[in-house]
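What follows is the content of query18.txt (compact mmCIF, C-alpha atoms and all ligand atoms).
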# COMPACT_ATOMS: atom_id res chain seq x y z
CA MET G 289 -5.81 -9.92 24.07
CA LYS G 290 -2.51 -11.64 23.29
CA ASN G 291 -1.03 -8.46 21.81
CA TRP G 292 -2.11 -6.53 24.88
CA GLY G 293 -0.62 -9.12 27.25
CA ASP G 294 2.64 -9.41 25.32
CA SER G 295 2.93 -5.66 25.08
CA ARG G 296 2.54 -5.31 28.86
CA LYS G 297 5.19 -7.93 29.50
CA GLY G 298 7.53 -6.31 26.99
CA ALA G 299 7.43 -9.39 24.75
CA ARG G 300 6.04 -7.41 21.85
CA LYS G 301 7.90 -4.81 19.83
CA GLY G 302 6.49 -1.45 18.89
CA ARG G 303 4.21 0.92 20.71
CA LEU G 304 2.21 -0.14 23.73
CA VAL G 305 -0.99 -1.96 22.77
CA GLY G 306 -4.08 -1.03 24.76
CA PHE G 307 -6.78 -3.32 26.13
CA PRO G 308 -9.18 -4.40 23.36
CA ARG G 309 -12.31 -2.29 23.07
CA LEU G 310 -15.70 -3.71 22.21
CA LYS G 311 -16.63 -3.39 18.57
CA SER G 312 -19.49 -0.95 18.36
CA ARG G 313 -22.26 -0.94 15.78
CA ARG G 314 -22.08 2.85 15.84
CA ARG G 315 -18.35 3.20 15.27
CA SER G 316 -17.73 0.52 12.66
CA ALA G 317 -18.87 0.08 9.09
CA PRO G 318 -21.64 -2.51 8.65
CA THR G 319 -20.09 -5.77 7.48
CA VAL G 320 -20.80 -9.49 7.64
CA ARG G 321 -18.76 -12.48 6.52
CA PHE G 322 -20.08 -15.87 5.42
CA THR G 323 -17.76 -18.87 5.55
CA THR G 324 -20.23 -21.75 5.50
CA GLY G 325 -23.44 -22.55 3.62
CA VAL G 326 -24.34 -21.98 0.02
CA ILE G 327 -22.32 -19.24 -1.64
CA ARG G 328 -22.69 -19.34 -5.39
CA VAL G 329 -22.92 -17.19 -8.49
CA GLU G 330 -26.18 -17.89 -10.29
CA ALA G 331 -26.25 -19.09 -13.89
CA ASP G 332 -27.39 -15.67 -15.13
CA ARG G 333 -24.15 -14.23 -13.66
CA ARG G 334 -26.15 -11.31 -12.37
CA HIS G 335 -27.16 -12.76 -9.01
CA ILE G 336 -25.27 -14.19 -6.08
CA THR G 337 -26.81 -16.52 -3.51
CA LEU G 338 -25.72 -16.15 0.09
CA PRO G 339 -26.81 -18.06 3.21
CA ARG G 340 -29.92 -16.59 4.91
CA LEU G 341 -30.02 -13.65 2.47
CA GLY G 342 -30.87 -15.66 -0.66
CA ALA G 343 -30.28 -14.37 -4.17
CA LEU G 344 -29.00 -10.79 -4.44
CA ARG G 345 -28.86 -8.80 -7.66
CA LEU G 346 -25.34 -7.66 -8.57
CA HIS G 347 -24.55 -4.33 -10.17
CA GLU G 348 -21.54 -5.71 -12.03
CA SER G 349 -21.60 -8.98 -13.92
CA ALA G 350 -19.78 -11.85 -12.19
CA ARG G 351 -19.05 -13.40 -15.59
CA LYS G 352 -15.30 -13.84 -15.14
CA LEU G 353 -15.63 -15.58 -11.80
CA ALA G 354 -18.53 -17.75 -12.95
CA ARG G 355 -16.54 -18.96 -15.95
CA ARG G 356 -13.64 -19.93 -13.73
CA VAL G 357 -15.88 -21.73 -11.26
CA GLU G 358 -17.53 -23.67 -14.10
CA ALA G 359 -14.14 -24.56 -15.57
CA GLY G 360 -12.99 -25.72 -12.15
CA SER G 361 -10.08 -23.29 -11.89
CA ALA G 362 -11.63 -21.33 -9.02
CA ARG G 363 -13.44 -22.18 -5.81
CA ILE G 364 -15.31 -19.68 -3.63
CA LEU G 365 -14.17 -19.91 -0.01
CA SER G 366 -16.05 -17.08 1.68
CA ALA G 367 -18.11 -13.97 1.05
CA THR G 368 -17.96 -10.64 2.87
CA LEU G 369 -20.72 -8.07 2.61
CA ARG G 370 -19.97 -4.48 3.54
CA ARG G 371 -21.43 -1.03 3.03
CA GLU G 372 -19.42 1.92 1.77
CA GLY G 373 -21.09 5.24 1.28
CA ARG G 374 -24.54 4.22 0.05
CA ARG G 375 -23.46 1.04 -1.73
CA TRP G 376 -23.29 -2.55 -0.63
CA PHE G 377 -20.32 -4.61 -1.77
CA VAL G 378 -19.71 -8.32 -1.75
CA SER G 379 -16.13 -9.58 -1.78
CA LEU G 380 -15.55 -13.22 -2.60
CA THR G 381 -12.43 -14.91 -1.34
CA CYS G 382 -11.48 -17.50 -3.93
CA GLU G 383 -8.91 -20.16 -4.43
CA VAL G 384 -7.73 -19.64 -8.00
CA GLN G 385 -5.39 -21.58 -10.24
CA ARG G 386 -3.52 -18.88 -12.06
CA ALA G 387 -1.90 -19.34 -15.43
CA THR G 388 1.82 -18.64 -15.23
CA CYS G 389 2.65 -15.24 -16.72
CA ILE G 390 5.81 -13.44 -17.66
CA PRO G 391 6.11 -9.66 -17.83
CA ALA G 392 6.33 -8.06 -21.28
CA ARG G 393 9.96 -7.11 -20.67
CA ALA G 394 11.10 -9.87 -18.33
CA GLY G 395 14.71 -8.68 -18.14
CA SER G 396 13.97 -5.05 -17.41
CA VAL G 397 14.51 -3.50 -13.98
CA VAL G 398 12.59 -0.42 -12.87
CA GLY G 399 13.33 1.64 -9.77
CA VAL G 400 10.34 3.41 -8.22
CA ASP G 401 10.89 6.41 -5.97
CA LEU G 402 7.72 7.26 -4.09
CA GLY G 403 6.98 10.81 -3.09
CA VAL G 404 4.37 13.44 -2.37
CA LYS G 405 5.26 15.92 -5.12
CA HIS G 406 5.04 13.17 -7.73
CA LEU G 407 3.36 9.97 -6.63
CA ALA G 408 6.22 8.04 -8.21
CA VAL G 409 9.29 8.75 -10.31
CA LEU G 410 10.47 5.79 -12.35
CA SER G 411 14.08 5.12 -13.29
CA THR G 412 12.92 5.32 -16.92
CA GLY G 413 12.41 9.03 -16.32
CA GLU G 414 8.62 8.79 -16.24
CA GLN G 415 6.88 10.85 -13.59
CA ILE G 416 3.53 9.69 -12.23
CA PRO G 417 1.63 12.75 -10.99
CA ASN G 418 0.12 12.71 -7.52
CA PRO G 419 -3.62 13.29 -7.99
CA HIS G 420 -4.19 14.55 -4.38
CA HIS G 421 -7.76 13.23 -4.29
CA LEU G 422 -8.32 14.18 -0.66
CA VAL G 423 -7.03 17.72 -1.15
CA ALA G 424 -9.28 18.08 -4.20
CA ALA G 425 -12.34 17.06 -2.21
CA SER G 426 -11.42 18.82 1.04
CA ARG G 427 -13.42 22.00 0.35
CA ARG G 428 -16.54 20.00 -0.33
CA MET G 429 -15.88 17.76 2.67
CA ARG G 430 -15.47 20.72 5.00
CA ARG G 431 -18.80 22.12 3.87
CA LEU G 432 -20.55 18.76 4.30
CA ALA G 433 -19.00 18.17 7.73
CA ARG G 434 -20.22 21.60 8.81
CA ALA G 435 -23.71 20.78 7.58
CA VAL G 436 -23.68 17.56 9.63
CA THR G 437 -22.89 19.28 12.91
CA ARG G 438 -25.50 21.97 12.31
CA CYS G 439 -28.29 19.42 12.18
CA VAL G 440 -30.03 17.91 15.20
CA THR G 441 -27.37 15.35 16.02
CA PRO G 442 -27.98 12.15 17.97
CA ASP G 443 -27.30 12.42 21.71
CA ARG G 444 -27.47 9.23 23.72
CA ARG G 445 -27.36 11.07 27.06
CA VAL G 446 -30.81 12.53 26.42
CA HIS G 447 -32.00 9.61 24.22
CA ARG G 448 -32.22 11.79 21.15
CA ALA G 449 -31.94 10.27 17.71
CA GLY G 450 -30.42 12.24 14.85
CA SER G 451 -32.87 14.12 12.67
CA LYS G 452 -33.71 13.02 9.14
CA ARG G 453 -31.66 15.93 7.83
CA TRP G 454 -28.73 14.73 9.95
CA VAL G 455 -29.00 11.27 8.40
CA ARG G 456 -29.05 12.82 4.92
CA ALA G 457 -26.08 15.10 5.66
CA GLN G 458 -24.14 12.21 7.16
CA ASP G 459 -24.89 10.14 4.07
CA ALA G 460 -23.60 12.87 1.73
CA LEU G 461 -20.35 13.15 3.67
CA ALA G 462 -19.89 9.38 3.74
CA ARG G 463 -20.40 9.20 -0.03
CA THR G 464 -17.76 11.90 -0.61
CA ASN G 465 -15.29 9.98 1.56
CA ALA G 466 -16.06 6.75 -0.28
CA ARG G 467 -15.56 8.47 -3.62
CA VAL G 468 -12.12 9.76 -2.62
CA ALA G 469 -11.13 6.24 -1.53
CA ASN G 470 -12.46 4.78 -4.80
CA LEU G 471 -10.56 7.27 -6.97
CA ARG G 472 -7.35 6.63 -5.06
CA ARG G 473 -7.72 2.84 -5.24
CA ASN G 474 -8.49 2.94 -8.97
CA GLY G 475 -5.42 5.06 -9.75
CA LEU G 476 -3.12 2.82 -7.70
CA HIS G 477 -4.48 -0.35 -9.30
CA GLN G 478 -3.96 0.98 -12.83
CA PHE G 479 -0.42 2.09 -12.01
CA THR G 480 0.67 -1.12 -10.25
CA THR G 481 -0.88 -3.36 -12.91
CA ARG G 482 0.90 -1.50 -15.71
CA LEU G 483 4.22 -1.59 -13.86
CA THR G 484 4.14 -5.29 -12.94
CA ARG G 485 2.91 -6.42 -16.37
CA GLU G 486 5.71 -4.60 -18.11
CA HIS G 487 8.85 -4.97 -15.98
CA GLY G 488 10.49 -8.12 -14.68
CA THR G 489 11.93 -6.52 -11.56
CA VAL G 490 10.41 -3.68 -9.58
CA VAL G 491 12.55 -2.01 -6.91
CA VAL G 492 10.96 0.09 -4.17
CA GLU G 493 12.11 1.55 -0.89
CA ASP G 494 10.92 0.09 2.38
CA LEU G 495 9.25 3.21 3.70
CA ASN G 496 8.33 3.61 7.33
CA VAL G 497 4.78 4.74 6.50
CA ALA G 498 3.49 4.49 10.08
CA GLY G 499 6.38 6.67 11.22
CA MET G 500 5.85 9.23 8.48
CA LEU G 501 2.17 9.46 9.37
CA ARG G 502 3.25 10.84 12.74
CA ASN G 503 4.60 13.93 11.01
CA ARG G 504 1.70 16.32 11.45
CA ARG G 505 2.59 18.43 8.42
CA LEU G 506 2.94 15.55 5.99
CA ALA G 507 0.57 12.94 7.43
CA ARG G 508 -2.47 13.96 5.36
CA HIS G 509 -0.50 14.01 2.11
CA ILE G 510 1.17 10.68 2.80
CA ALA G 511 -2.12 9.03 3.67
CA ASP G 512 -3.67 10.61 0.55
CA ALA G 513 -0.93 9.19 -1.67
CA GLY G 514 -1.49 5.65 -0.36
CA PHE G 515 2.13 4.41 -0.19
CA GLY G 516 1.25 1.44 1.99
CA GLU G 517 -1.45 0.21 -0.40
CA LEU G 518 0.85 0.76 -3.38
CA ARG G 519 3.52 -1.43 -1.80
CA ARG G 520 0.95 -4.11 -0.94
CA GLN G 521 -0.36 -4.20 -4.51
CA LEU G 522 3.13 -4.35 -6.00
CA ALA G 523 3.98 -7.30 -3.74
CA TYR G 524 1.16 -9.54 -4.93
CA LYS G 525 0.98 -8.32 -8.51
CA THR G 526 4.67 -8.98 -9.18
CA GLU G 527 4.03 -12.52 -8.02
CA TRP G 528 0.91 -12.86 -10.20
CA ASN G 529 2.71 -11.58 -13.28
CA GLY G 530 5.84 -13.64 -12.82
CA GLY G 531 8.08 -10.73 -11.88
CA ARG G 532 9.82 -9.99 -8.63
CA LEU G 533 9.76 -7.17 -6.13
CA VAL G 534 13.00 -6.04 -4.54
CA THR G 535 12.70 -3.94 -1.42
CA ALA G 536 15.57 -1.64 -0.53
CA ASP G 537 16.57 -1.57 3.09
CA ARG G 538 14.85 1.15 5.11
CA TRP G 539 18.22 2.73 5.82
CA TYR G 540 19.49 2.53 2.25
CA PRO G 541 20.41 6.11 1.28
CA SER G 542 18.68 6.10 -2.13
CA SER G 543 18.32 9.90 -2.24
CA LYS G 544 21.74 10.73 -0.80
CA THR G 545 23.74 8.47 -3.11
CA CYS G 546 25.04 9.73 -6.46
CA SER G 547 23.71 7.49 -9.23
CA GLY G 548 26.77 8.33 -11.36
CA CYS G 549 29.74 7.64 -9.09
CA GLY G 550 28.25 6.15 -5.91
CA ALA G 551 29.34 8.93 -3.55
CA VAL G 552 27.04 9.29 -0.53
CA LYS G 553 26.16 12.71 0.83
CA THR G 554 25.86 13.03 4.59
CA LYS G 555 23.07 15.57 4.42
CA LEU G 556 20.36 16.31 1.88
CA ALA G 557 17.51 18.65 2.75
CA LEU G 558 13.99 17.77 1.55
CA SER G 559 13.87 21.17 -0.16
CA GLU G 560 16.78 20.34 -2.48
CA ARG G 561 14.88 19.19 -5.54
CA THR G 562 17.93 18.61 -7.76
CA TYR G 563 20.84 16.40 -6.85
CA ALA G 564 24.26 17.97 -7.43
CA CYS G 565 27.18 15.62 -6.79
CA THR G 566 30.23 17.23 -5.23
CA ALA G 567 32.44 14.30 -6.26
CA CYS G 568 31.73 13.98 -9.99
CA GLY G 569 29.61 17.04 -10.72
CA LEU G 570 26.49 15.14 -11.80
CA ILE G 571 23.35 17.25 -11.75
CA LEU G 572 20.04 15.36 -11.83
CA ASP G 573 16.47 15.52 -10.59
CA ARG G 574 16.46 14.35 -6.97
CA ASP G 575 13.76 11.70 -7.38
CA LEU G 576 15.14 10.37 -10.66
CA ASN G 577 18.55 10.00 -8.98
CA ALA G 578 16.92 7.96 -6.20
CA ALA G 579 15.03 5.80 -8.72
CA LEU G 580 18.27 5.09 -10.60
CA ASN G 581 19.98 4.08 -7.35
CA LEU G 582 17.18 1.64 -6.64
CA THR G 583 17.60 0.11 -10.09
CA ALA G 584 21.33 -0.34 -9.47
CA LEU G 585 20.49 -2.04 -6.18
CA ALA G 586 18.47 -4.74 -7.93
CA SER G 587 21.42 -6.00 -9.97
CA GLU G 588 23.55 -6.18 -6.84
CA VAL G 589 20.85 -8.11 -5.05
CA ALA G 590 20.60 -10.53 -7.98
CA ASP G 591 24.41 -10.89 -7.86
CA ALA G 592 24.54 -11.61 -4.17
CA ARG G 593 21.69 -14.06 -4.10
CA SER G 594 22.51 -15.77 -7.40
CA GLY G 595 18.97 -15.74 -8.70
CA ARG G 596 17.06 -16.73 -5.59
CA GLU G 597 13.55 -15.36 -5.32
CA SER G 598 13.62 -12.06 -3.47
CA SER G 599 10.02 -10.97 -3.35
CA ASN G 600 8.47 -11.30 0.03
CA GLY G 601 4.78 -12.07 0.35
CA ARG G 602 3.49 -8.97 2.04
CA GLY G 603 6.58 -6.93 1.32
CA ALA G 604 6.48 -5.17 4.65
CA ASP G 605 7.99 -7.31 7.38
CA ARG G 606 11.50 -6.27 8.32
CA LYS G 607 12.38 -9.61 9.88
CA THR G 608 11.50 -11.45 6.69
CA LEU G 609 13.48 -8.91 4.76
CA LEU G 610 16.69 -9.36 6.68
CA ALA G 611 16.40 -13.10 6.48
CA GLY G 612 15.45 -13.22 2.85
CA LEU G 613 16.85 -10.26 1.00
CA VAL G 614 20.28 -8.76 0.65
CA ALA G 615 20.24 -5.04 0.06
CA ALA G 616 23.80 -4.11 -0.67
CA LYS G 617 25.15 -0.64 -0.05
CA ARG G 618 27.61 0.87 -2.46
CA LEU G 619 31.04 2.19 -1.67
CA PRO G 620 32.04 5.46 -3.32
CA GLY G 621 34.20 4.71 -6.32
CA THR G 622 33.26 1.06 -6.71
CA ALA G 623 29.90 1.59 -8.32
CA LYS G 624 30.58 -0.14 -11.62
CA ALA G 625 33.44 -2.39 -10.53
CA GLY G 626 31.20 -5.42 -10.06
CA GLN G 627 32.18 -5.71 -6.42
CA THR G 628 30.56 -4.19 -3.41
CA GLY G 629 32.27 -2.92 -0.33
CA THR G 630 31.48 -1.75 3.13
CA VAL G 631 30.05 1.64 3.89
CA PRO G 632 30.98 3.03 7.29
CA PRO G 633 28.05 2.73 9.68
CA GLN G 634 25.84 5.79 9.69
CA GLY G 635 24.08 7.13 12.77
CA GLY G 636 23.05 4.07 14.74
CA THR G 637 23.25 1.69 11.78
CA THR G 638 25.20 -1.51 12.05
CA ASN G 639 26.12 -3.66 9.09
CA ARG G 640 25.59 -7.35 8.72
CA VAL G 641 28.10 -9.14 6.58
CA LEU G 642 27.34 -12.08 4.35
CA SER G 643 30.07 -13.99 2.60
CA LYS G 644 29.92 -14.26 -1.16
CA ALA G 645 31.86 -16.18 -3.77
CA HIS G 646 34.23 -13.30 -4.38
CA GLY G 647 34.36 -10.56 -1.84
CA THR G 648 31.85 -9.41 0.74
CA VAL G 649 28.33 -8.07 0.52
CA THR G 650 27.08 -5.84 3.25
CA VAL G 651 23.53 -5.69 4.43
CA GLY G 652 22.58 -2.34 5.80
CA GLY G 653 20.25 -2.69 8.71
CA ARG G 654 19.64 -2.58 12.36
CA PRO G 655 20.34 -5.54 14.62
ZN ZN D 701 28.78 11.62 -8.29

Could you write out this file's structure as C-alpha cells?
Amino acid sequence: MKNWGDSRKGARKGRLVGFPRLKSRRRSAPTVRFTTGVIRVEADRRHITLPRLGALRLHESARKLARRVEAGSARILSATLRREGRRWFVSLTCEVQRATCIPARAGSVVGVDLGVKHLAVLSTGEQIPNPHHLVAASRRMRRLARAVTRCVTPDRRVHRAGSKRWVRAQDALARTNARVANLRRNGLHQFTTRLTREHGTVVVEDLNVAGMLRNRRLARHIADAGFGELRRQLAYKTEWNGGRLVTADRWYPSSKTCSGCGAVKTKLALSERTYACTACGLILDRDLNAALNLTALASEVADARSGRESSNGRGADRKTLLAGLVAAKRLPGTAKAGQTGTVPPQGGTTNRVLSKAHGTVTVGGRP
C-alpha cells in the first residue's frame, strides 16, 4: 500500500506501482511460514517437528544443522513450507555463527563478464558455458502445455472443475518447470561457491537485469541464465568466505575499453565478438577483454578506498553503491601509470569527483 501511495505521489522512483491485488490460492504456490511454536530437528535427524503439523519425515538428512544446533552455533528462527512441482520443501531460517574463512588465493582478483553466449568469461581466460536449461526443455514444455489446454480445463463461470487428466497434465508441466529451475540453481551454486572459495576479490558488472528483461528478443535467454541470482549468490558467498565483491558502475564501459592501453571505443556492436583496438592494435576475445577490464578496476578501487570493505550486502542497490564504492574510470594512456584521470562525460553521464591523497578519482554515475 505504501509503495502504491508513494508511487502515485511521485515519492517513489521507478515504474508506477499498481494497487495491491489480493493473493489468490489459485495463482500462488502453496506456502506457509511458521515463526512461533516448536520448530526442531528430531534426534534421528530424519524428522522435523513443526507446530500443528507434528513430525514430518525428511527426504534429506538434517545432520549438519542438527549438529550445529546441538553445539549451540545455530538457532532455528523460522520454518517455511512450500510446494514445488510435486515435492514439499521446508526452509529453515537460522542464526548461525560462522567460522571465519579465507579464500584459497586471498590476494587474487578475478573479473567476471556475464553473458548469454557464455554464462561467464573469467579474466583467467576460463569460459563457463551457458547450459540454456529452459531452451533445452522448451520442446517438452510446449508439448505438455498443449496437452494441458486440450483437457477439460476448470471454468469458474460455469462451475466446472478441471478433469483428472487436466490435473495430471498440469502436474507434469509443473514438474518440468521445477526441474529447469533446479538445474539452473544447482549450476549457479556450484559456480559461485567455486569462485568465492578460490579468489579473494570478485569483480562483476552492475547489470540492469530488469531493463534487459524488457528486450523481447533477449528476455528469455537472460532470465534463463539467471544473472540476478548469480549476483545475489556472489554477494553473500564472498562475505561467507572472507573475500570481497566489487561491483563496477552500471555505466562503466567494460566492453568498450581496451584492456591493453585503456582507450575507450565510442561504439561497439553486440555482434563484434573480438575486440580490435584502433589505438594499440590489441586483438582479443570481446568477453575476455571485458573481464580483464573488470580486474583492473578492482585494484583502482582498492587504491582509492585504501582497503575499506567494498562489498555491499545485497550487491544491487545503486544508492548504496555510490555511497560505498568507488568505481574509477580509466583515461586513455594512463592505464598503468598508477593514477586515474577523468573521462569526458558520455551520453547523459555525469561524473562525481572524490579527492584522494594524490590526484583525483572519478566515479562514473548518474546524479
Ligand atoms: Zn588498446

Inset, instruction - List the neighbours of Ala359 of chain G out to 12 Å using all atoms listed in the file; skip same-chain residues closer than 6 positions along the sequence, and give me the result as a PyMOL selection string. - result: chain G and resi 352-353+384-385

Inset, instruction - Compare G:Val423, G:Val409, G:Ala564, G:Val440 by their minimum atom-to-atom distance to ligand ZN 701 (chain D), counting all atoms listed in the file, and give me the closest one. - result: G:Ala564

Per-residue nearest contacts chain G to ligand ZN 701 (chain D), cut-off 10 Å, using all atoms listed in the file, as JSON lines:
{"residue": "G:Thr545", "atom": "CA", "partner": "D:ZN701", "partner_atom": "ZN", "distance": 7.9}
{"residue": "G:Cys546", "atom": "CA", "partner": "D:ZN701", "partner_atom": "ZN", "distance": 4.6}
{"residue": "G:Ser547", "atom": "CA", "partner": "D:ZN701", "partner_atom": "ZN", "distance": 6.6}
{"residue": "G:Gly548", "atom": "CA", "partner": "D:ZN701", "partner_atom": "ZN", "distance": 4.9}
{"residue": "G:Cys549", "atom": "CA", "partner": "D:ZN701", "partner_atom": "ZN", "distance": 4.2}
{"residue": "G:Gly550", "atom": "CA", "partner": "D:ZN701", "partner_atom": "ZN", "distance": 6.0}
{"residue": "G:Ala551", "atom": "CA", "partner": "D:ZN701", "partner_atom": "ZN", "distance": 5.5}
{"residue": "G:Val552", "atom": "CA", "partner": "D:ZN701", "partner_atom": "ZN", "distance": 8.3}
{"residue": "G:Lys553", "atom": "CA", "partner": "D:ZN701", "partner_atom": "ZN", "distance": 9.6}
{"residue": "G:Tyr563", "atom": "CA", "partner": "D:ZN701", "partner_atom": "ZN", "distance": 9.4}
{"residue": "G:Ala564", "atom": "CA", "partner": "D:ZN701", "partner_atom": "ZN", "distance": 7.8}
{"residue": "G:Cys565", "atom": "CA", "partner": "D:ZN701", "partner_atom": "ZN", "distance": 4.6}
{"residue": "G:Thr566", "atom": "CA", "partner": "D:ZN701", "partner_atom": "ZN", "distance": 6.6}
{"residue": "G:Ala567", "atom": "CA", "partner": "D:ZN701", "partner_atom": "ZN", "distance": 5.0}
{"residue": "G:Cys568", "atom": "CA", "partner": "D:ZN701", "partner_atom": "ZN", "distance": 4.1}
{"residue": "G:Gly569", "atom": "CA", "partner": "D:ZN701", "partner_atom": "ZN", "distance": 6.0}
{"residue": "G:Leu570", "atom": "CA", "partner": "D:ZN701", "partner_atom": "ZN", "distance": 5.5}
{"residue": "G:Ile571", "atom": "CA", "partner": "D:ZN701", "partner_atom": "ZN", "distance": 8.6}
{"residue": "G:Pro620", "atom": "CA", "partner": "D:ZN701", "partner_atom": "ZN", "distance": 8.6}
{"residue": "G:Gly621", "atom": "CA", "partner": "D:ZN701", "partner_atom": "ZN", "distance": 9.0}

Legend entry - Residues within 8 Å of segment 462-465 of chain G, all atoms listed in the file, excluding chain neighbours under 2 positions, as a list in words: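 Residues meeting the cut-off are Glu372, Gly373, Arg374, Ala425, Met429, Gln458, Asp459, Ala460, Arg467, Val468 and Ala469 of chain G.
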
Neighbours of Ile390 of chain G within 10 Å (only C-alpha atoms; same-chain residues fewer than 2 positions away dropped), as an mmCIF file with C-alpha atoms, keeping the file's coordinate frame?
data_model
loop_
_atom_site.group_PDB
_atom_site.id
_atom_site.type_symbol
_atom_site.label_atom_id
_atom_site.label_comp_id
_atom_site.auth_asym_id
_atom_site.auth_seq_id
_atom_site.Cartn_x
_atom_site.Cartn_y
_atom_site.Cartn_z
ATOM 1 C CA ALA G 387 -1.900 -19.340 -15.430
ATOM 2 C CA THR G 388 1.820 -18.640 -15.230
ATOM 3 C CA ALA G 392 6.330 -8.060 -21.280
ATOM 4 C CA ARG G 393 9.960 -7.110 -20.670
ATOM 5 C CA ALA G 394 11.100 -9.870 -18.330
ATOM 6 C CA THR G 484 4.140 -5.290 -12.940
ATOM 7 C CA ARG G 485 2.910 -6.420 -16.370
ATOM 8 C CA GLU G 486 5.710 -4.600 -18.110
ATOM 9 C CA HIS G 487 8.850 -4.970 -15.980
ATOM 10 C CA GLY G 488 10.490 -8.120 -14.680
ATOM 11 C CA THR G 526 4.670 -8.980 -9.180
ATOM 12 C CA GLU G 527 4.030 -12.520 -8.020
ATOM 13 C CA TRP G 528 0.910 -12.860 -10.200
ATOM 14 C CA ASN G 529 2.710 -11.580 -13.280
ATOM 15 C CA GLY G 530 5.840 -13.640 -12.820
ATOM 16 C CA GLY G 531 8.080 -10.730 -11.880
#

Legend entry - Of the listed residues G:Ala507, G:Ala498, G:Gly403, G:Thr412, that which approaches Arg561 of chain G most closely, counting all atoms listed in the file: G:Gly403

Inset, instruction - Could you tell me how far atom CA of Pro339 of chain G lies from atom CA of Lys311 of chain G, in Å and to one decimal? - result: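 Atom CA of Lys311 of chain G lies 23.6 Å from atom CA of Pro339 of chain G.
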
Inset, instruction - Please provide the set of residues having any atom within 10 Å of Gly342 of chain G, restricted to only C-alpha atoms, with same-chain residues fewer than 4 positions apart removed, written as a list in words. - result: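 Using only C-alpha atoms, the neighbours found are Val326, Ile327, His335, Ile336, Thr337 and Leu338 of chain G.
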
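From atom CA of Ala584 of chain G back to atom CA of Ser411 of chain G, the distance works out to 9.8 Å.
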
Legend entry - Best match for closeness to Gly302 of chain G among G:Gly499, G:Ala331, G:Arg538, G:Ser451, counting all atoms listed in the file: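 Looking only at the distances to Gly302 of chain G, the closest residue turns out to be G:Gly499.
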
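For the residues G:Arg444, G:Lys405, G:Arg574, G:Arg428, ranking by smallest atom-to-atom distance to His509 of chain G using only C-alpha atoms places G:Lys405 first.
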
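The closest residue to Arg472 of chain G, picked from G:Pro442, G:Gly450, G:Gly514, G:Pro417 and counting all atoms listed in the file, is G:Gly514.
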
Inset, instruction - Using all atoms listed in the file, find all polymer residues with an atom at most 7 Å away from the point (0.9, 18.2, -4.3); report them as a count of residues only. - result: 4

Would you mind completing segment 506-517 of chain G so that it carries N, CA, C and O atoms, and writing it out as a JSON list (two decimals), keeping the file's coordinate frame?
[["chain", "number", "residue", "atom", "x", "y", "z"],
["G", 506, "LEU", "N", 2.95, 16.38, 7.19],
["G", 506, "LEU", "CA", 2.94, 15.55, 5.99],
["G", 506, "LEU", "C", 1.91, 14.43, 6.03],
["G", 506, "LEU", "O", 1.57, 13.86, 5.00],
["G", 507, "ALA", "N", 1.42, 14.12, 7.24],
["G", 507, "ALA", "CA", 0.57, 12.94, 7.43],
["G", 507, "ALA", "C", -0.57, 12.86, 6.42],
["G", 507, "ALA", "O", -0.77, 11.84, 5.76],
["G", 508, "ARG", "N", -1.31, 13.98, 6.24],
["G", 508, "ARG", "CA", -2.47, 13.96, 5.36],
["G", 508, "ARG", "C", -2.06, 13.64, 3.92],
["G", 508, "ARG", "O", -2.71, 12.86, 3.22],
["G", 509, "HIS", "N", -0.92, 14.20, 3.49],
["G", 509, "HIS", "CA", -0.50, 14.01, 2.11],
["G", 509, "HIS", "C", 0.03, 12.61, 1.88],
["G", 509, "HIS", "O", -0.10, 12.05, 0.80],
["G", 510, "ILE", "N", 0.65, 12.03, 2.92],
["G", 510, "ILE", "CA", 1.17, 10.68, 2.80],
["G", 510, "ILE", "C", 0.03, 9.67, 2.79],
["G", 510, "ILE", "O", 0.00, 8.75, 1.98],
["G", 511, "ALA", "N", -0.95, 9.92, 3.65],
["G", 511, "ALA", "CA", -2.12, 9.03, 3.67],
["G", 511, "ALA", "C", -2.88, 9.15, 2.35],
["G", 511, "ALA", "O", -3.40, 8.17, 1.82],
["G", 512, "ASP", "N", -2.95, 10.37, 1.80],
["G", 512, "ASP", "CA", -3.67, 10.61, 0.55],
["G", 512, "ASP", "C", -2.98, 9.92, -0.63],
["G", 512, "ASP", "O", -3.63, 9.45, -1.55],
["G", 513, "ALA", "N", -1.65, 9.83, -0.58],
["G", 513, "ALA", "CA", -0.93, 9.19, -1.67],
["G", 513, "ALA", "C", -1.12, 7.67, -1.65],
["G", 513, "ALA", "O", -1.16, 7.03, -2.69],
["G", 514, "GLY", "N", -1.24, 7.09, -0.46],
["G", 514, "GLY", "CA", -1.49, 5.65, -0.36],
["G", 514, "GLY", "C", -0.25, 4.80, -0.59],
["G", 514, "GLY", "O", -0.32, 3.80, -1.30],
["G", 515, "PHE", "N", 0.88, 5.16, 0.00],
["G", 515, "PHE", "CA", 2.13, 4.41, -0.19],
["G", 515, "PHE", "C", 2.01, 2.96, 0.26],
["G", 515, "PHE", "O", 2.50, 2.05, -0.38],
["G", 516, "GLY", "N", 1.37, 2.78, 1.41],
["G", 516, "GLY", "CA", 1.25, 1.44, 1.99],
["G", 516, "GLY", "C", 0.51, 0.51, 1.04],
["G", 516, "GLY", "O", 0.94, -0.60, 0.75],
["G", 517, "GLU", "N", -0.63, 1.01, 0.52],
["G", 517, "GLU", "CA", -1.45, 0.21, -0.40],
["G", 517, "GLU", "C", -0.69, -0.06, -1.69],
["G", 517, "GLU", "O", -0.74, -1.15, -2.25]]
